[in-house]
Number of protein chains: 2
Amino acid sequence: MEPISRIVPHFQESLDALKERLLAMGGLVEAQVHTAVRALVERDRSLIGRVTDGDAPVNRLHIDIDSRCFTLLALHQPMATDLRTIVSAVKINTDLERVGDLAVNLVEAAERYLKHAPVKPLVDIPRMADLAQAMLRDALDAFVRRDTVLAQHVLDTDDEVDGLKDQVFRELLGSMAKDHGLIEPALDLILASRHLERIADHATNVAEDVIFIVSARDVRHHAWEGGPGSE
Amino acid sequence: MEPISRIVPHFQESLDALKERLLAMGGLVEAQVHTAVRALVERDRSLIGRVTDGDAPVNRLHIDIDSRCFTLLALHQPMATDLRTIVSAVKINTDLERVGDLAVNLVEAAERYLKHAPVKPLVDIPRMADLAQAMLRDALDAFVRRDTVLAQHVLDTDDEVDGLKDQVFRELLGSMAKDHGLIEPALDLILASRHLERIADHATNVAEDVIFIVSARDVRHHAWEGGPGSE
């Protein structure tokens, strides 16, 4: 059976437009994370409002992309790789929207943190942020280019982020134990590092979807031929 | 055009089987959360291994459900509500798998916590756990029964969970400030409460999907008739 997606016109254009929107969504949430981390590291309170205000456009784009995915599925009833790509786009869109939420959580932690004197010069947290942002960019590039090598690189980088998170935790635990007054701000740094860890986790979810889209082709095609329960 | 889902036989049976699997997945991860919280509250180290071992069946069921969703989409090319139900099932399945991961995170926090004397009798954390588990159950019931009132109840309950999380945070901050020796175990309780908060968040994601499936019917149908970009 010829997939309907090859007969109905404009499918490829609509799919390309969907991918562009996902990249735009990725750019938007990455900028939100970047600004939130700047607020924390540069102690710049003026950036806090920019991030909280920036969540509404992220949510609007999230709804737009979700709607495009459903329209593509309903109108074109795609098969095989196209089907997996569009359903994965729904999942990736959800991951990106949560990254947007985490940028807001980050800036909330920053807002509390900035009420205190600095605990220490921040080194590991900006490093975690750089890694998490690069992972997001790479994961989306891998999605658009179907690049499983790049997707695997994203998965590998996640270990480095987890290592930094543990390092931040141990170090700040030490700071708290030594100095009572640091408990509150140190806790907010620990929470900030956990938000960054979760952002990196969302990037790994996207990378896993890419590997699924590309490498599950044969397996899923076989399952589809055999009918439900045959896999 | 008559939806293909009405012509191809066995669609309804396959969809019912999918819903049953999702309920089984929900039951599995809820049991994992329950056991992890028991390990923490009853200080029962023997339960830790049960939760870490219990993650593999959760992951197997996750893959099975994902595969069923793609098979249903490819074989039956459903429209409208059926399409939204199956794509939502992919998302709900992802949410449940992450709840399973969070049960493992919970039991890891419990394992560290049990190395210390108890910080305090645990009241709010078991309460959070009860609420989060009830939210999960209700959200899945709402999905199966298309019950938006129950889904809205889940969303409302999330405020109570957030309130408890803030209360736990403030109280344990006070304990840490008063007694150095409590910093480490109190931190693990704070982390445990954040894991429970995230479990409740996943339940709200499911509830939001239910409201989308049921109430977006007209909007999405209109979009489908009008073609991409018309919504």
# chains A, B, ... in the order shown; residues from 1 in each chain; ligands from 1
$ interface_residues --of "chain A" --to "chain B" --cutoff "7 Å" --atoms "only C-alpha atoms" --output "list in words"
Arg68, Thr71, Ala74, Leu75, Gln77, Met79, Val87, Lys91, Ala177, His180, Trp224 and Pro228 of chain A
$ closest_residue --among "A:Glu97, A:Asp130, A:Ala117, A:Thr148" --to "A:Asp66" --atoms "only C-alpha atoms"
A:Glu97
$ atom_distance --atom1 "atom CA of A:Asp82" --atom2 "atom CA of A:Leu61"
21.6 Å
$ residues_around --residues "A:Arg50" --least-positions-apart "5" --cutoff "12 Å" --atoms "only C-alpha atoms" --output "VMD selection string"
chain A and resid 31 to 36 38 to 39 44 to 45 55 to 57 103 to 104 107 to 108
$ write_last_selection --atoms "N, CA and C atoms" --output "compact mmCIF listing (two decimals), in the first residue's frame"
# COMPACT_ATOMS: atom_id res chain seq x y z
N ALA A 31 17.19 30.30 25.08
CA ALA A 31 17.43 31.70 25.47
C ALA A 31 16.89 31.97 26.87
N GLN A 32 15.75 31.36 27.20
CA GLN A 32 15.18 31.52 28.55
C GLN A 32 16.14 30.97 29.61
N VAL A 33 16.69 29.79 29.34
CA VAL A 33 17.64 29.18 30.29
C VAL A 33 18.88 30.07 30.41
N HIS A 34 19.38 30.54 29.27
CA HIS A 34 20.58 31.39 29.25
C HIS A 34 20.37 32.64 30.10
N THR A 35 19.22 33.29 29.91
CA THR A 35 18.93 34.52 30.65
C THR A 35 18.77 34.23 32.15
N ALA A 36 18.12 33.11 32.47
CA ALA A 36 17.92 32.76 33.89
C ALA A 36 19.26 32.53 34.58
N ARG A 38 22.16 33.76 33.63
CA ARG A 38 22.83 35.08 33.72
C ARG A 38 22.34 35.85 34.94
N ALA A 39 21.02 35.81 35.18
CA ALA A 39 20.46 36.51 36.36
C ALA A 39 21.15 36.02 37.62
N ASP A 44 21.99 39.85 38.36
CA ASP A 44 21.27 40.91 37.64
C ASP A 44 19.76 40.71 37.79
N ARG A 45 19.19 41.43 38.77
CA ARG A 45 17.75 41.28 39.05
C ARG A 45 16.87 41.71 37.89
N ASP A 55 7.75 33.35 29.35
CA ASP A 55 7.14 32.02 29.36
C ASP A 55 5.87 31.96 28.50
N ALA A 56 5.16 33.09 28.38
CA ALA A 56 3.90 33.09 27.61
C ALA A 56 4.15 32.77 26.12
N PRO A 57 5.13 33.40 25.45
CA PRO A 57 5.38 33.01 24.05
C PRO A 57 5.77 31.54 23.90
N ALA A 103 13.27 26.94 33.23
CA ALA A 103 13.94 28.25 33.19
C ALA A 103 13.27 29.20 34.18
N VAL A 104 11.93 29.12 34.28
CA VAL A 104 11.21 29.94 35.26
C VAL A 104 11.57 29.51 36.68
N VAL A 107 14.95 30.92 37.56
CA VAL A 107 14.99 32.35 37.86
C VAL A 107 14.31 32.63 39.21
N GLU A 108 13.38 31.75 39.62
CA GLU A 108 12.79 31.88 40.96
C GLU A 108 13.85 31.56 42.03
$ residues_around --residues "A:Ile92" --least-positions-apart "6" --cutoff "10 Å" --atoms "only C-alpha atoms" --output "PDB file with C-alpha atoms, in the first residue's frame"
ATOM      1  CA  LEU A  22      10.383  22.986  16.843  1.00  0.00           C
ATOM      2  CA  GLY A  26      14.231  25.119  21.070  1.00  0.00           C
ATOM      3  CA  THR A  85       8.757  11.628  13.447  1.00  0.00           C
ATOM      4  CA  ILE A  86       5.443  13.386  14.069  1.00  0.00           C
ATOM      5  CA  ARG A  98       9.039  21.753  30.392  1.00  0.00           C
ATOM      6  CA  ALA A 139      19.518  17.096  20.309  1.00  0.00           C
ATOM      7  CA  LEU A 140      17.350  19.302  18.081  1.00  0.00           C
ATOM      8  CA  PHE A 143      16.321  15.458  15.239  1.00  0.00           C
ATOM      9  CA  HIS A 202      14.934  16.665  28.678  1.00  0.00           C
ATOM     10  CA  ALA A 203      17.695  17.006  26.066  1.00  0.00           C
ATOM     11  CA  ASN A 205      14.777  12.481  26.059  1.00  0.00           C
ATOM     12  CA  VAL A 206      14.906  14.275  22.699  1.00  0.00           C
ATOM     13  CA  ALA A 207      18.104  12.431  21.763  1.00  0.00           C
ATOM     14  CA  ASP A 209      13.518   9.966  20.419  1.00  0.00           C
ATOM     15  CA  VAL A 210      15.936  10.634  17.538  1.00  0.00           C
TER      16      VAL A 210
END
$ atom_distance --atom1 "atom CA of B:Arg137" --atom2 "atom CA of B:Val99"
12.5 Å
$ atom_distance --atom1 "atom CA of B:Leu47" --atom2 "atom CA of B:Pro126"
16.0 Å
$ residues_around --residues "A:Ser193" --least-positions-apart "3" --cutoff "8 Å" --atoms "only C-alpha atoms" --output "number ranges by chain"
A: 125, 128, 165, 168, 189-190, 196-197
$ select_by_dssp --residues "stretch 109-231 of chain A" --states "helix (DSSP H, G or I)" --output "PyMOL selection string"
chain A and resi 109-113+124-145+148-178+180-215+217-226
$ residues_around --residues "B:Leu150" --least-positions-apart "3" --cutoff "10 Å" --atoms "only C-alpha atoms" --output "MDAnalysis selection string"
chainID B and resid 135 138:143 145:147 153:156 207 210:211
$ write_last_selection --atoms "N, CA and C atoms" --output "PDB file, in the first residue's frame"
ATOM      1  N   MET B 135      -3.888  11.084  43.026  1.00  0.00           N
ATOM      2  CA  MET B 135      -3.942  11.880  41.788  1.00  0.00           C
ATOM      3  C   MET B 135      -3.648  11.010  40.566  1.00  0.00           C
ATOM      4  N   ASP B 138      -6.693   8.735  39.984  1.00  0.00           N
ATOM      5  CA  ASP B 138      -7.828   9.513  39.456  1.00  0.00           C
ATOM      6  C   ASP B 138      -7.570   9.951  38.018  1.00  0.00           C
ATOM      7  N   ALA B 139      -6.325  10.355  37.725  1.00  0.00           N
ATOM      8  CA  ALA B 139      -6.015  10.832  36.370  1.00  0.00           C
ATOM      9  C   ALA B 139      -6.189   9.702  35.359  1.00  0.00           C
ATOM     10  N   LEU B 140      -5.767   8.488  35.725  1.00  0.00           N
ATOM     11  CA  LEU B 140      -5.921   7.356  34.805  1.00  0.00           C
ATOM     12  C   LEU B 140      -7.383   6.928  34.685  1.00  0.00           C
ATOM     13  N   ASP B 141      -8.109   6.949  35.803  1.00  0.00           N
ATOM     14  CA  ASP B 141      -9.557   6.681  35.741  1.00  0.00           C
ATOM     15  C   ASP B 141     -10.228   7.702  34.826  1.00  0.00           C
ATOM     16  N   ALA B 142      -9.840   8.958  34.972  1.00  0.00           N
ATOM     17  CA  ALA B 142     -10.427  10.024  34.148  1.00  0.00           C
ATOM     18  C   ALA B 142     -10.123   9.777  32.676  1.00  0.00           C
ATOM     19  N   PHE B 143      -8.915   9.292  32.391  1.00  0.00           N
ATOM     20  CA  PHE B 143      -8.542   8.985  31.000  1.00  0.00           C
ATOM     21  C   PHE B 143      -9.442   7.883  30.430  1.00  0.00           C
ATOM     22  N   ARG B 145     -12.351   6.837  31.487  1.00  0.00           N
ATOM     23  CA  ARG B 145     -13.787   7.163  31.477  1.00  0.00           C
ATOM     24  C   ARG B 145     -14.074   8.496  30.785  1.00  0.00           C
ATOM     25  N   ARG B 146     -13.023   9.159  30.235  1.00  0.00           N
ATOM     26  CA  ARG B 146     -13.204  10.488  29.619  1.00  0.00           C
ATOM     27  C   ARG B 146     -13.926  11.438  30.576  1.00  0.00           C
ATOM     28  N   ASP B 147     -13.483  11.458  31.823  1.00  0.00           N
ATOM     29  CA  ASP B 147     -14.183  12.194  32.874  1.00  0.00           C
ATOM     30  C   ASP B 147     -13.427  13.492  33.181  1.00  0.00           C
ATOM     31  N   HIS B 153     -10.500  17.740  39.137  1.00  0.00           N
ATOM     32  CA  HIS B 153     -10.235  17.476  40.558  1.00  0.00           C
ATOM     33  C   HIS B 153      -8.740  17.195  40.781  1.00  0.00           C
ATOM     34  N   VAL B 154      -8.139  16.448  39.845  1.00  0.00           N
ATOM     35  CA  VAL B 154      -6.699  16.164  39.932  1.00  0.00           C
ATOM     36  C   VAL B 154      -5.910  17.476  39.884  1.00  0.00           C
ATOM     37  N   LEU B 155      -6.273  18.350  38.946  1.00  0.00           N
ATOM     38  CA  LEU B 155      -5.560  19.634  38.823  1.00  0.00           C
ATOM     39  C   LEU B 155      -5.691  20.450  40.110  1.00  0.00           C
ATOM     40  N   ASP B 156      -6.881  20.429  40.714  1.00  0.00           N
ATOM     41  CA  ASP B 156      -7.097  21.207  41.941  1.00  0.00           C
ATOM     42  C   ASP B 156      -6.259  20.651  43.095  1.00  0.00           C
ATOM     43  N   ALA B 207      -3.972  14.460  33.573  1.00  0.00           N
ATOM     44  CA  ALA B 207      -5.300  15.094  33.691  1.00  0.00           C
ATOM     45  C   ALA B 207      -5.494  16.137  32.587  1.00  0.00           C
ATOM     46  N   VAL B 210      -6.384  14.471  29.418  1.00  0.00           N
ATOM     47  CA  VAL B 210      -7.783  14.031  29.399  1.00  0.00           C
ATOM     48  C   VAL B 210      -8.687  15.188  28.974  1.00  0.00           C
ATOM     49  N   ILE B 211      -8.445  16.366  29.552  1.00  0.00           N
ATOM     50  CA  ILE B 211      -9.268  17.534  29.209  1.00  0.00           C
ATOM     51  C   ILE B 211      -9.082  17.885  27.732  1.00  0.00           C
TER      52      ILE B 211
END
$ closest_residue --among "B:His116, B:His62, B:His10, B:Arg170" --to "B:Ala24" --atoms "only C-alpha atoms"
B:His62
$ closest_residue --among "A:Val161, A:Ala110, A:Ile65, A:Ala186" --to "A:Ser46" --atoms "only C-alpha atoms"
A:Ala110
$ decode --residues "stretch 144-175 of chain A" --atoms "C-alpha atoms" --output "PDB file, in the first residue's frame"
ATOM      1  CA  VAL A 144      16.263  17.632  12.112  1.00  0.00           C
ATOM      2  CA  ARG A 145      19.229  15.841  10.494  1.00  0.00           C
ATOM      3  CA  ARG A 146      18.315  12.327  11.770  1.00  0.00           C
ATOM      4  CA  ASP A 147      21.845  12.166  13.165  1.00  0.00           C
ATOM      5  CA  THR A 148      22.126   9.280  15.630  1.00  0.00           C
ATOM      6  CA  VAL A 149      25.852   9.898  16.238  1.00  0.00           C
ATOM      7  CA  LEU A 150      25.095  13.406  17.467  1.00  0.00           C
ATOM      8  CA  ALA A 151      22.161  12.031  19.497  1.00  0.00           C
ATOM      9  CA  GLN A 152      24.497   9.515  21.143  1.00  0.00           C
ATOM     10  CA  HIS A 153      26.913  12.377  21.938  1.00  0.00           C
ATOM     11  CA  VAL A 154      24.060  14.102  23.799  1.00  0.00           C
ATOM     12  CA  LEU A 155      23.434  10.963  25.859  1.00  0.00           C
ATOM     13  CA  ASP A 156      27.141  10.707  26.709  1.00  0.00           C
ATOM     14  CA  THR A 157      27.311  14.354  27.816  1.00  0.00           C
ATOM     15  CA  ASP A 158      24.555  13.728  30.359  1.00  0.00           C
ATOM     16  CA  ASP A 159      27.005  11.803  32.577  1.00  0.00           C
ATOM     17  CA  GLU A 160      29.187  14.916  32.800  1.00  0.00           C
ATOM     18  CA  VAL A 161      26.182  16.996  33.882  1.00  0.00           C
ATOM     19  CA  ASP A 162      25.258  14.430  36.541  1.00  0.00           C
ATOM     20  CA  GLY A 163      28.858  14.445  37.793  1.00  0.00           C
ATOM     21  CA  LEU A 164      28.792  18.233  38.144  1.00  0.00           C
ATOM     22  CA  LYS A 165      25.446  18.073  39.965  1.00  0.00           C
ATOM     23  CA  ASP A 166      26.920  15.641  42.522  1.00  0.00           C
ATOM     24  CA  GLN A 167      30.003  17.854  42.884  1.00  0.00           C
ATOM     25  CA  VAL A 168      27.845  20.966  43.483  1.00  0.00           C
ATOM     26  CA  PHE A 169      25.817  19.019  46.054  1.00  0.00           C
ATOM     27  CA  ARG A 170      28.834  17.795  48.031  1.00  0.00           C
ATOM     28  CA  GLU A 171      30.565  21.174  47.983  1.00  0.00           C
ATOM     29  CA  LEU A 172      27.499  23.114  49.118  1.00  0.00           C
ATOM     30  CA  LEU A 173      26.745  20.542  51.811  1.00  0.00           C
ATOM     31  CA  GLY A 174      30.226  21.345  53.138  1.00  0.00           C
ATOM     32  CA  SER A 175      29.552  25.095  52.999  1.00  0.00           C
TER      33      SER A 175
END
